[in-house]
Amino acid sequence: MSLKPSKSASKPEPMPRADTSGITRSRAQNPFNTSNNADSSQPKSESNADDKKSSSLITVLIAVGANVLIAVAKTFGAFITGSASMIAEAAHSWADAGNGTLLIVAEKKSIKPADKSHPLGYGKESYVWSMIAAFGVFMAGSVVSIYTGITEWNAAETETDYTIGFIILAVAFVLEGLSLTQAYLQSKKHGEAINVSAIGYVIDTSNPTLRGVFFEDLAAVIGLVVAAAAMAMHAYTGEPFWDALGSIIVGILLAAVAVFLISRNRDFLVGYRVSEKMHDYILAELLKHPDIDSVSYLHLEWVGPKKIFMVAAVDITGNQHEQEIAHKFESIENQFRSQALFQEAILTLSVPKAEILRLPDNENP
């Protein structure tokens with residue numbers, strides 16, 4: 001491709017928003033479709049409206065509702081039984097409810113449209129609020145649980161009827177199990193689209209809301225089993241340290257979840273590149289475009305839940321004038337911007353004799 005000077009210095013007319021049919025497959029064929037039954041040419045304002053009703057928000061609302069009910073019941077049970085494990089579980093559930101509330105804030109804040117002060121949008125706000133939730137709420141629940149266990153370790157033996165406690169834990173197990181199932185099914189659905197397991201998807205997803213709810217519910221289910229076992233051992237042996245041990249284990253579990261979630265949110269806040277599978281898919285889409293001859297550079301970074309910032313250096317087919325190249329770049333950029341997956345797309349010319357990027361042999365377009 002040779003670059004010829006433009007014959008006209010007049011300012012070109014602004015290009016209309018290009019149709020996306022020339023760059024991407026249908027939504028049904030696109031494994032990285034991030035909208036709910038939305039056409040690929042859907043405007044961003046409509047996509048943002050759909051995002052507000054996303055399945056991840058439904059998942060977190062179910063989790064918050066369940067956690068509030070469970071927290072009230074556990075608090076009552078802790079007051080009646082005086083069990084350290086039940087106190088730890090009550091703190092755990094209140095922490096989960098607070099965490100879920102902050103995740104709702106994260107979901108709402110992250111869908112604000114881009115403006116002059118934030119040209120790449122507010123997507124990373126979701127990671128900020130999710131990190132606050134993990135650090136403040138989970139760690140608070142962890143500290144309360146561990147402190148309760150330590151203080152109750154050498155407590156005097158008292159006659160305690162744990163019947164109410166076991167009933168509350170059983171009901172909580174069912175409710176937490178339903179919430180975990182909802183998060184798991186959502187993760188499995190998205191994971192199957194890109195051939196990864198539900199756990200693999202929830203660990204690597206750019207959606208911190210789904211990840212937070214999933215691991216919070218998983219920790220809750222495990223914590224309920226630990227608390228029930230600790231209370232049962234206390235009732236069977238008459239030794240109160242079993243109950244205290246259960247409280248400490250629940251606290252450690254909460255701390256482990258908090259550290260993991262903080263680490264993942266930090267990764268996305270400082271700039272996290274897309275997976276190799278996603279990289280190869282987008283490279284293939286660029287190379288399939290009739291106006292693009294080759295790609296020498298491709299930067300793909302998550303700037304929010306299911307939002308990518310793309311910068312690509314490409315070589316245009318044929319011998320084009322400078323003005324024609326500018327028009328083609330704007331057209332191609334608009335085609336990518338119109339897709340829900342892309343927050344921003346920027347193209348530039350490859351430098352002469354630059355090494356070009358190639359797809360794996362089984363993925364060549």
# chains A, B, ... in the order shown; residues from 1 in each chain; ligands from 1
>>> residues_around(residues="Lys109 of chain A", least_positions_apart="4", cutoff="12 Å", atoms="only C-alpha atoms", output="list in words")
Asn48, Asp51, Lys52, Leu102, Leu103, Ile104, Val105, Pro113, Ala114, Gly121, Tyr122, Gly123, Lys124, Glu125, Ser126, Tyr127, Val128, Trp129, Ser130, Gly304 and Pro305 of chain A
>>> write_last_selection(atoms="C-alpha atoms", output="PDB file, in the first residue's frame")
ATOM      1  CA  ASN A  48     -26.615   0.546  28.317  1.00  0.00           C
ATOM      2  CA  ASP A  51     -27.092  -3.665  30.731  1.00  0.00           C
ATOM      3  CA  LYS A  52     -29.137  -2.256  33.605  1.00  0.00           C
ATOM      4  CA  LEU A 102     -21.957  -2.285  47.048  1.00  0.00           C
ATOM      5  CA  LEU A 103     -21.989  -4.563  44.002  1.00  0.00           C
ATOM      6  CA  ILE A 104     -25.320  -3.037  42.973  1.00  0.00           C
ATOM      7  CA  VAL A 105     -23.688   0.398  43.275  1.00  0.00           C
ATOM      8  CA  PRO A 113     -21.813   6.791  29.261  1.00  0.00           C
ATOM      9  CA  ALA A 114     -18.438   8.256  28.310  1.00  0.00           C
ATOM     10  CA  GLY A 121     -16.454   5.570  30.099  1.00  0.00           C
ATOM     11  CA  TYR A 122     -16.901   4.679  33.750  1.00  0.00           C
ATOM     12  CA  GLY A 123     -16.556   0.922  33.441  1.00  0.00           C
ATOM     13  CA  LYS A 124     -13.640   0.687  35.873  1.00  0.00           C
ATOM     14  CA  GLU A 125     -15.838   2.114  38.627  1.00  0.00           C
ATOM     15  CA  SER A 126     -17.223  -1.401  38.970  1.00  0.00           C
ATOM     16  CA  TYR A 127     -13.770  -2.654  40.002  1.00  0.00           C
ATOM     17  CA  VAL A 128     -13.332   0.198  42.498  1.00  0.00           C
ATOM     18  CA  TRP A 129     -16.631  -0.500  44.258  1.00  0.00           C
ATOM     19  CA  SER A 130     -16.091  -4.252  44.107  1.00  0.00           C
ATOM     20  CA  GLY A 304     -15.031  -2.186  32.230  1.00  0.00           C
ATOM     21  CA  PRO A 305     -17.326  -5.203  32.442  1.00  0.00           C
TER      22      PRO A 305
END
>>> select_by_dssp(residues="segment 94-319 of chain A", states="helix (DSSP H, G or I)", output="ChimeraX atom specification")
/A:94-110,125-151,163-193,198-204,208-237,241-269,276-288
>>> write_last_selection(atoms="C-alpha atoms", output="short mmCIF file (atom, residue, chain, number, x, y, z; two decimals), in the first residue's frame")
data_model
loop_
_atom_site.label_atom_id
_atom_site.label_comp_id
_atom_site.auth_asym_id
_atom_site.auth_seq_id
_atom_site.Cartn_x
_atom_site.Cartn_y
_atom_site.Cartn_z
CA TRP A 94 -24.45 -9.25 57.16
CA ALA A 95 -21.10 -8.90 55.38
CA ASP A 96 -22.55 -10.63 52.32
CA ALA A 97 -25.58 -8.32 52.34
CA GLY A 98 -23.35 -5.25 52.56
CA ASN A 99 -21.12 -6.65 49.83
CA GLY A 100 -24.12 -7.21 47.57
CA THR A 101 -25.33 -3.66 48.12
CA LEU A 102 -21.96 -2.28 47.05
CA LEU A 103 -21.99 -4.56 44.00
CA ILE A 104 -25.32 -3.04 42.97
CA VAL A 105 -23.69 0.40 43.28
CA ALA A 106 -20.81 -0.90 41.12
CA GLU A 107 -23.25 -2.16 38.49
CA LYS A 108 -25.07 1.18 38.32
CA LYS A 109 -21.95 3.38 38.32
CA SER A 110 -20.15 1.43 35.61
CA GLU A 125 -15.84 2.11 38.63
CA SER A 126 -17.22 -1.40 38.97
CA TYR A 127 -13.77 -2.65 40.00
CA VAL A 128 -13.33 0.20 42.50
CA TRP A 129 -16.63 -0.50 44.26
CA SER A 130 -16.09 -4.25 44.11
CA MET A 131 -12.69 -3.81 45.72
CA ILE A 132 -14.21 -1.63 48.46
CA ALA A 133 -16.80 -4.33 49.05
CA ALA A 134 -14.16 -7.06 49.27
CA PHE A 135 -11.77 -5.10 51.47
CA GLY A 136 -14.22 -3.42 53.82
CA VAL A 137 -17.19 -5.75 54.16
CA PHE A 138 -15.57 -9.16 53.80
CA MET A 139 -12.61 -8.27 56.00
CA ALA A 140 -14.97 -6.83 58.62
CA GLY A 141 -16.89 -10.11 58.66
CA SER A 142 -13.62 -12.00 58.87
CA VAL A 143 -12.32 -9.99 61.83
CA VAL A 144 -15.58 -10.37 63.77
CA SER A 145 -15.64 -14.13 63.17
CA ILE A 146 -12.01 -14.73 64.16
CA TYR A 147 -12.25 -12.43 67.20
CA THR A 148 -15.41 -14.21 68.39
CA GLY A 149 -13.72 -17.59 68.03
CA ILE A 150 -10.67 -16.52 69.99
CA THR A 151 -12.66 -14.99 72.84
CA THR A 163 -32.20 -27.11 67.66
CA ILE A 164 -33.19 -23.61 66.55
CA GLY A 165 -29.65 -23.02 65.31
CA PHE A 166 -29.65 -26.15 63.17
CA ILE A 167 -33.04 -25.28 61.66
CA ILE A 168 -31.82 -21.78 60.76
CA LEU A 169 -28.63 -23.16 59.22
CA ALA A 170 -30.64 -25.68 57.17
CA VAL A 171 -32.96 -22.99 55.79
CA ALA A 172 -29.96 -20.73 55.10
CA PHE A 173 -28.23 -23.57 53.26
CA VAL A 174 -31.23 -23.93 50.92
CA LEU A 175 -31.45 -20.16 50.24
CA GLU A 176 -27.69 -19.76 49.74
CA GLY A 177 -27.71 -22.85 47.54
CA LEU A 178 -30.38 -21.33 45.30
CA SER A 179 -28.39 -18.10 44.98
CA LEU A 180 -25.19 -20.04 44.22
CA THR A 181 -27.05 -22.10 41.61
CA GLN A 182 -28.22 -18.92 39.87
CA ALA A 183 -24.65 -17.57 39.75
CA TYR A 184 -23.31 -20.94 38.60
CA LEU A 185 -25.83 -21.30 35.78
CA GLN A 186 -25.07 -17.79 34.55
CA SER A 187 -21.33 -18.56 34.60
CA LYS A 188 -21.86 -21.89 32.86
CA LYS A 189 -23.94 -20.27 30.11
CA HIS A 190 -21.26 -17.68 29.33
CA GLY A 191 -18.44 -20.21 29.75
CA GLU A 192 -19.93 -22.65 27.24
CA ALA A 193 -19.94 -19.91 24.59
CA ALA A 198 -18.07 -22.21 34.81
CA ILE A 199 -15.29 -21.80 37.40
CA GLY A 200 -12.78 -20.79 34.73
CA TYR A 201 -15.18 -18.20 33.38
CA VAL A 202 -16.03 -16.67 36.75
CA ILE A 203 -12.34 -16.37 37.66
CA ASP A 204 -11.35 -14.67 34.38
CA PRO A 208 -16.74 -8.26 39.00
CA THR A 209 -20.39 -8.43 40.06
CA LEU A 210 -20.80 -12.01 38.91
CA ARG A 211 -17.43 -13.00 40.38
CA GLY A 212 -18.24 -11.37 43.73
CA VAL A 213 -21.67 -13.01 44.05
CA PHE A 214 -20.38 -16.42 43.00
CA PHE A 215 -17.52 -16.60 45.49
CA GLU A 216 -19.55 -14.96 48.25
CA ASP A 217 -22.26 -17.63 47.85
CA LEU A 218 -19.68 -20.42 47.58
CA ALA A 219 -18.04 -19.23 50.81
CA ALA A 220 -21.48 -18.99 52.45
CA VAL A 221 -22.39 -22.59 51.61
CA ILE A 222 -19.03 -23.87 52.87
CA GLY A 223 -19.31 -21.70 56.00
CA LEU A 224 -22.76 -23.12 56.79
CA VAL A 225 -21.39 -26.67 56.64
CA VAL A 226 -18.49 -25.68 58.92
CA ALA A 227 -20.79 -23.94 61.41
CA ALA A 228 -23.21 -26.88 61.54
CA ALA A 229 -20.34 -29.34 62.05
CA ALA A 230 -18.82 -27.17 64.81
CA MET A 231 -22.14 -26.83 66.63
CA ALA A 232 -22.75 -30.58 66.30
CA MET A 233 -19.34 -31.40 67.78
CA HIS A 234 -19.95 -28.97 70.64
CA ALA A 235 -23.32 -30.58 71.37
CA TYR A 236 -21.87 -34.11 71.12
CA THR A 237 -18.64 -33.64 73.13
CA PHE A 241 -13.75 -24.98 71.74
CA TRP A 242 -15.35 -26.82 68.78
CA ASP A 243 -17.83 -23.99 68.40
CA ALA A 244 -15.04 -21.44 68.69
CA LEU A 245 -12.98 -23.33 66.11
CA GLY A 246 -15.88 -23.20 63.68
CA SER A 247 -16.06 -19.42 64.09
CA ILE A 248 -12.33 -19.07 63.39
CA ILE A 249 -12.53 -21.27 60.28
CA VAL A 250 -15.42 -19.18 58.92
CA GLY A 251 -13.33 -16.04 59.52
CA ILE A 252 -10.35 -17.49 57.68
CA LEU A 253 -12.62 -18.51 54.80
CA LEU A 254 -13.94 -14.94 54.53
CA ALA A 255 -10.41 -13.53 54.59
CA ALA A 256 -9.32 -15.88 51.78
CA VAL A 257 -12.27 -14.83 49.60
CA ALA A 258 -11.55 -11.15 50.30
CA VAL A 259 -7.88 -11.45 49.33
CA PHE A 260 -8.77 -13.26 46.09
CA LEU A 261 -11.42 -10.69 45.07
CA ILE A 262 -9.14 -7.77 45.94
CA SER A 263 -6.41 -9.30 43.77
CA ARG A 264 -8.69 -9.80 40.76
CA ASN A 265 -10.16 -6.30 40.97
CA ARG A 266 -6.65 -4.85 41.23
CA ASP A 267 -5.69 -6.71 38.04
CA PHE A 268 -8.49 -5.06 36.07
CA LEU A 269 -7.94 -1.62 37.61
CA GLU A 276 -5.61 -15.18 23.78
CA LYS A 277 -8.89 -16.59 22.47
CA MET A 278 -10.49 -13.15 22.47
CA HIS A 279 -7.36 -11.59 20.94
CA ASP A 280 -7.33 -14.09 18.07
CA TYR A 281 -11.05 -13.65 17.47
CA ILE A 282 -10.79 -9.86 17.14
CA LEU A 283 -7.64 -10.14 15.00
CA ALA A 284 -9.57 -12.49 12.69
CA GLU A 285 -12.42 -9.96 12.47
CA LEU A 286 -9.96 -7.23 11.46
CA LEU A 287 -8.29 -9.43 8.84
CA LYS A 288 -11.67 -10.41 7.36
#
>>> residues_around(residues="Val295 of chain A", least_positions_apart="4", cutoff="12 Å", atoms="only C-alpha atoms", output="count of residues only")
31
>>> atom_distance(atom1="atom CA of Asp361 of chain A", atom2="atom CA of Tyr297 of chain A")
18.8 Å
>>> closest_residue(among="A:Ala345, A:Phe79, A:Asp115, A:Ala71", to="Ser331 of chain A", atoms="only C-alpha atoms")
A:Ala345
>>> select_by_dssp(residues="segment 173-328 of chain A", states="strand (DSSP E or B)", output="PDB file with N, CA, C and O atoms, in the first residue's frame")
ATOM      1  N   TYR A 272      -5.877  -4.814  32.298  1.00  0.00           N
ATOM      2  CA  TYR A 272      -5.840  -6.267  32.098  1.00  0.00           C
ATOM      3  C   TYR A 272      -6.171  -6.582  30.647  1.00  0.00           C
ATOM      4  O   TYR A 272      -7.212  -6.179  30.127  1.00  0.00           O
ATOM      5  N   ARG A 273      -5.266  -7.282  29.982  1.00  0.00           N
ATOM      6  CA  ARG A 273      -5.455  -7.609  28.576  1.00  0.00           C
ATOM      7  C   ARG A 273      -6.455  -8.752  28.426  1.00  0.00           C
ATOM      8  O   ARG A 273      -6.674  -9.531  29.358  1.00  0.00           O
ATOM      9  N   ILE A 292      -8.850  -4.057   4.934  1.00  0.00           N
ATOM     10  CA  ILE A 292      -7.637  -4.248   5.725  1.00  0.00           C
ATOM     11  C   ILE A 292      -6.802  -5.363   5.117  1.00  0.00           C
ATOM     12  O   ILE A 292      -7.276  -6.488   4.919  1.00  0.00           O
ATOM     13  N   ASP A 293      -5.548  -5.030   4.807  1.00  0.00           N
ATOM     14  CA  ASP A 293      -4.638  -6.007   4.205  1.00  0.00           C
ATOM     15  C   ASP A 293      -3.883  -6.790   5.277  1.00  0.00           C
ATOM     16  O   ASP A 293      -3.690  -7.999   5.157  1.00  0.00           O
ATOM     17  N   SER A 294      -3.437  -6.109   6.344  1.00  0.00           N
ATOM     18  CA  SER A 294      -2.686  -6.780   7.411  1.00  0.00           C
ATOM     19  C   SER A 294      -2.772  -5.956   8.689  1.00  0.00           C
ATOM     20  O   SER A 294      -3.146  -4.777   8.675  1.00  0.00           O
ATOM     21  N   VAL A 295      -2.408  -6.581   9.794  1.00  0.00           N
ATOM     22  CA  VAL A 295      -2.382  -5.937  11.114  1.00  0.00           C
ATOM     23  C   VAL A 295      -1.008  -6.164  11.714  1.00  0.00           C
ATOM     24  O   VAL A 295      -0.532  -7.300  11.798  1.00  0.00           O
ATOM     25  N   SER A 296      -0.348  -5.094  12.146  1.00  0.00           N
ATOM     26  CA  SER A 296       0.986  -5.222  12.725  1.00  0.00           C
ATOM     27  C   SER A 296       0.999  -4.993  14.233  1.00  0.00           C
ATOM     28  O   SER A 296       1.979  -5.329  14.905  1.00  0.00           O
ATOM     29  N   TYR A 297      -0.069  -4.422  14.776  1.00  0.00           N
ATOM     30  CA  TYR A 297      -0.128  -4.160  16.219  1.00  0.00           C
ATOM     31  C   TYR A 297      -1.584  -4.206  16.658  1.00  0.00           C
ATOM     32  O   TYR A 297      -2.474  -3.691  15.964  1.00  0.00           O
ATOM     33  N   LEU A 298      -1.834  -4.847  17.802  1.00  0.00           N
ATOM     34  CA  LEU A 298      -3.205  -4.938  18.307  1.00  0.00           C
ATOM     35  C   LEU A 298      -3.183  -4.907  19.838  1.00  0.00           C
ATOM     36  O   LEU A 298      -2.699  -5.845  20.480  1.00  0.00           O
ATOM     37  N   HIS A 299      -3.679  -3.810  20.381  1.00  0.00           N
ATOM     38  CA  HIS A 299      -3.784  -3.657  21.839  1.00  0.00           C
ATOM     39  C   HIS A 299      -5.249  -3.785  22.237  1.00  0.00           C
ATOM     40  O   HIS A 299      -6.111  -3.049  21.753  1.00  0.00           O
ATOM     41  N   LEU A 300      -5.539  -4.744  23.128  1.00  0.00           N
ATOM     42  CA  LEU A 300      -6.901  -4.997  23.588  1.00  0.00           C
ATOM     43  C   LEU A 300      -6.900  -5.059  25.108  1.00  0.00           C
ATOM     44  O   LEU A 300      -6.269  -5.940  25.699  1.00  0.00           O
ATOM     45  N   GLU A 301      -7.603  -4.131  25.719  1.00  0.00           N
ATOM     46  CA  GLU A 301      -7.594  -4.023  27.181  1.00  0.00           C
ATOM     47  C   GLU A 301      -9.017  -3.855  27.708  1.00  0.00           C
ATOM     48  O   GLU A 301      -9.838  -3.143  27.119  1.00  0.00           O
ATOM     49  N   TRP A 302      -9.300  -4.519  28.826  1.00  0.00           N
ATOM     50  CA  TRP A 302     -10.604  -4.357  29.469  1.00  0.00           C
ATOM     51  C   TRP A 302     -10.661  -3.008  30.172  1.00  0.00           C
ATOM     52  O   TRP A 302      -9.792  -2.689  30.982  1.00  0.00           O
ATOM     53  N   VAL A 303     -11.688  -2.216  29.874  1.00  0.00           N
ATOM     54  CA  VAL A 303     -11.867  -0.920  30.544  1.00  0.00           C
ATOM     55  C   VAL A 303     -13.191  -0.891  31.311  1.00  0.00           C
ATOM     56  O   VAL A 303     -13.657   0.163  31.726  1.00  0.00           O
ATOM     57  N   GLY A 304     -13.783  -2.059  31.503  1.00  0.00           N
ATOM     58  CA  GLY A 304     -15.031  -2.186  32.230  1.00  0.00           C
ATOM     59  C   GLY A 304     -15.606  -3.562  31.989  1.00  0.00           C
ATOM     60  O   GLY A 304     -15.064  -4.352  31.198  1.00  0.00           O
ATOM     61  N   LYS A 307     -16.281  -4.593  28.293  1.00  0.00           N
ATOM     62  CA  LYS A 307     -15.983  -3.422  27.480  1.00  0.00           C
ATOM     63  C   LYS A 307     -14.480  -3.403  27.170  1.00  0.00           C
ATOM     64  O   LYS A 307     -13.648  -3.401  28.082  1.00  0.00           O
ATOM     65  N   ILE A 308     -14.161  -3.360  25.857  1.00  0.00           N
ATOM     66  CA  ILE A 308     -12.770  -3.430  25.406  1.00  0.00           C
ATOM     67  C   ILE A 308     -12.350  -2.117  24.759  1.00  0.00           C
ATOM     68  O   ILE A 308     -13.119  -1.501  24.017  1.00  0.00           O
ATOM     69  N   PHE A 309     -11.111  -1.720  25.045  1.00  0.00           N
ATOM     70  CA  PHE A 309     -10.472  -0.592  24.366  1.00  0.00           C
ATOM     71  C   PHE A 309      -9.476  -1.178  23.371  1.00  0.00           C
ATOM     72  O   PHE A 309      -8.560  -1.913  23.754  1.00  0.00           O
ATOM     73  N   MET A 310      -9.664  -0.869  22.078  1.00  0.00           N
ATOM     74  CA  MET A 310      -8.827  -1.439  21.026  1.00  0.00           C
ATOM     75  C   MET A 310      -8.020  -0.369  20.314  1.00  0.00           C
ATOM     76  O   MET A 310      -8.549   0.682  19.940  1.00  0.00           O
ATOM     77  N   VAL A 311      -6.730  -0.644  20.142  1.00  0.00           N
ATOM     78  CA  VAL A 311      -5.856   0.177  19.291  1.00  0.00           C
ATOM     79  C   VAL A 311      -5.158  -0.782  18.328  1.00  0.00           C
ATOM     80  O   VAL A 311      -4.556  -1.763  18.759  1.00  0.00           O
ATOM     81  N   ALA A 312      -5.266  -0.513  17.020  1.00  0.00           N
ATOM     82  CA  ALA A 312      -4.685  -1.408  16.031  1.00  0.00           C
ATOM     83  C   ALA A 312      -3.937  -0.616  14.972  1.00  0.00           C
ATOM     84  O   ALA A 312      -4.397   0.448  14.532  1.00  0.00           O
ATOM     85  N   ALA A 313      -2.778  -1.132  14.583  1.00  0.00           N
ATOM     86  CA  ALA A 313      -2.028  -0.582  13.456  1.00  0.00           C
ATOM     87  C   ALA A 313      -2.250  -1.506  12.268  1.00  0.00           C
ATOM     88  O   ALA A 313      -1.951  -2.706  12.347  1.00  0.00           O
ATOM     89  N   VAL A 314      -2.785  -0.962  11.176  1.00  0.00           N
ATOM     90  CA  VAL A 314      -3.178  -1.798  10.040  1.00  0.00           C
ATOM     91  C   VAL A 314      -2.626  -1.225   8.741  1.00  0.00           C
ATOM     92  O   VAL A 314      -2.266  -0.048   8.666  1.00  0.00           O
ATOM     93  N   ASP A 315      -2.589  -2.077   7.735  1.00  0.00           N
ATOM     94  CA  ASP A 315      -2.232  -1.666   6.379  1.00  0.00           C
ATOM     95  C   ASP A 315      -3.488  -1.781   5.526  1.00  0.00           C
ATOM     96  O   ASP A 315      -4.160  -2.824   5.531  1.00  0.00           O
ATOM     97  N   ILE A 316      -3.830  -0.723   4.816  1.00  0.00           N
ATOM     98  CA  ILE A 316      -5.037  -0.681   4.004  1.00  0.00           C
ATOM     99  C   ILE A 316      -4.762  -1.271   2.627  1.00  0.00           C
ATOM    100  O   ILE A 316      -3.688  -1.073   2.048  1.00  0.00           O
ATOM    101  N   GLN A 320      -4.192   4.158  -1.706  1.00  0.00           N
ATOM    102  CA  GLN A 320      -5.230   5.072  -1.252  1.00  0.00           C
ATOM    103  C   GLN A 320      -4.670   6.481  -1.042  1.00  0.00           C
ATOM    104  O   GLN A 320      -3.512   6.650  -0.661  1.00  0.00           O
ATOM    105  N   HIS A 321      -5.520   7.468  -1.288  1.00  0.00           N
ATOM    106  CA  HIS A 321      -5.166   8.829  -0.930  1.00  0.00           C
ATOM    107  C   HIS A 321      -5.313   9.002   0.581  1.00  0.00           C
ATOM    108  O   HIS A 321      -6.040   8.279   1.256  1.00  0.00           O
TER     109      HIS A 321
END
>>> atom_distance(atom1="atom CA of Ala326 of chain A", atom2="atom CA of His118 of chain A")
24.7 Å
>>> atom_distance(atom1="atom CA of Thr205 of chain A", atom2="atom CA of Asn334 of chain A")
25.5 Å
>>> residues_around(residues="Thr75 of chain A", least_positions_apart="4", cutoff="9 Å", atoms="only C-alpha atoms", output="count of residues only")
9
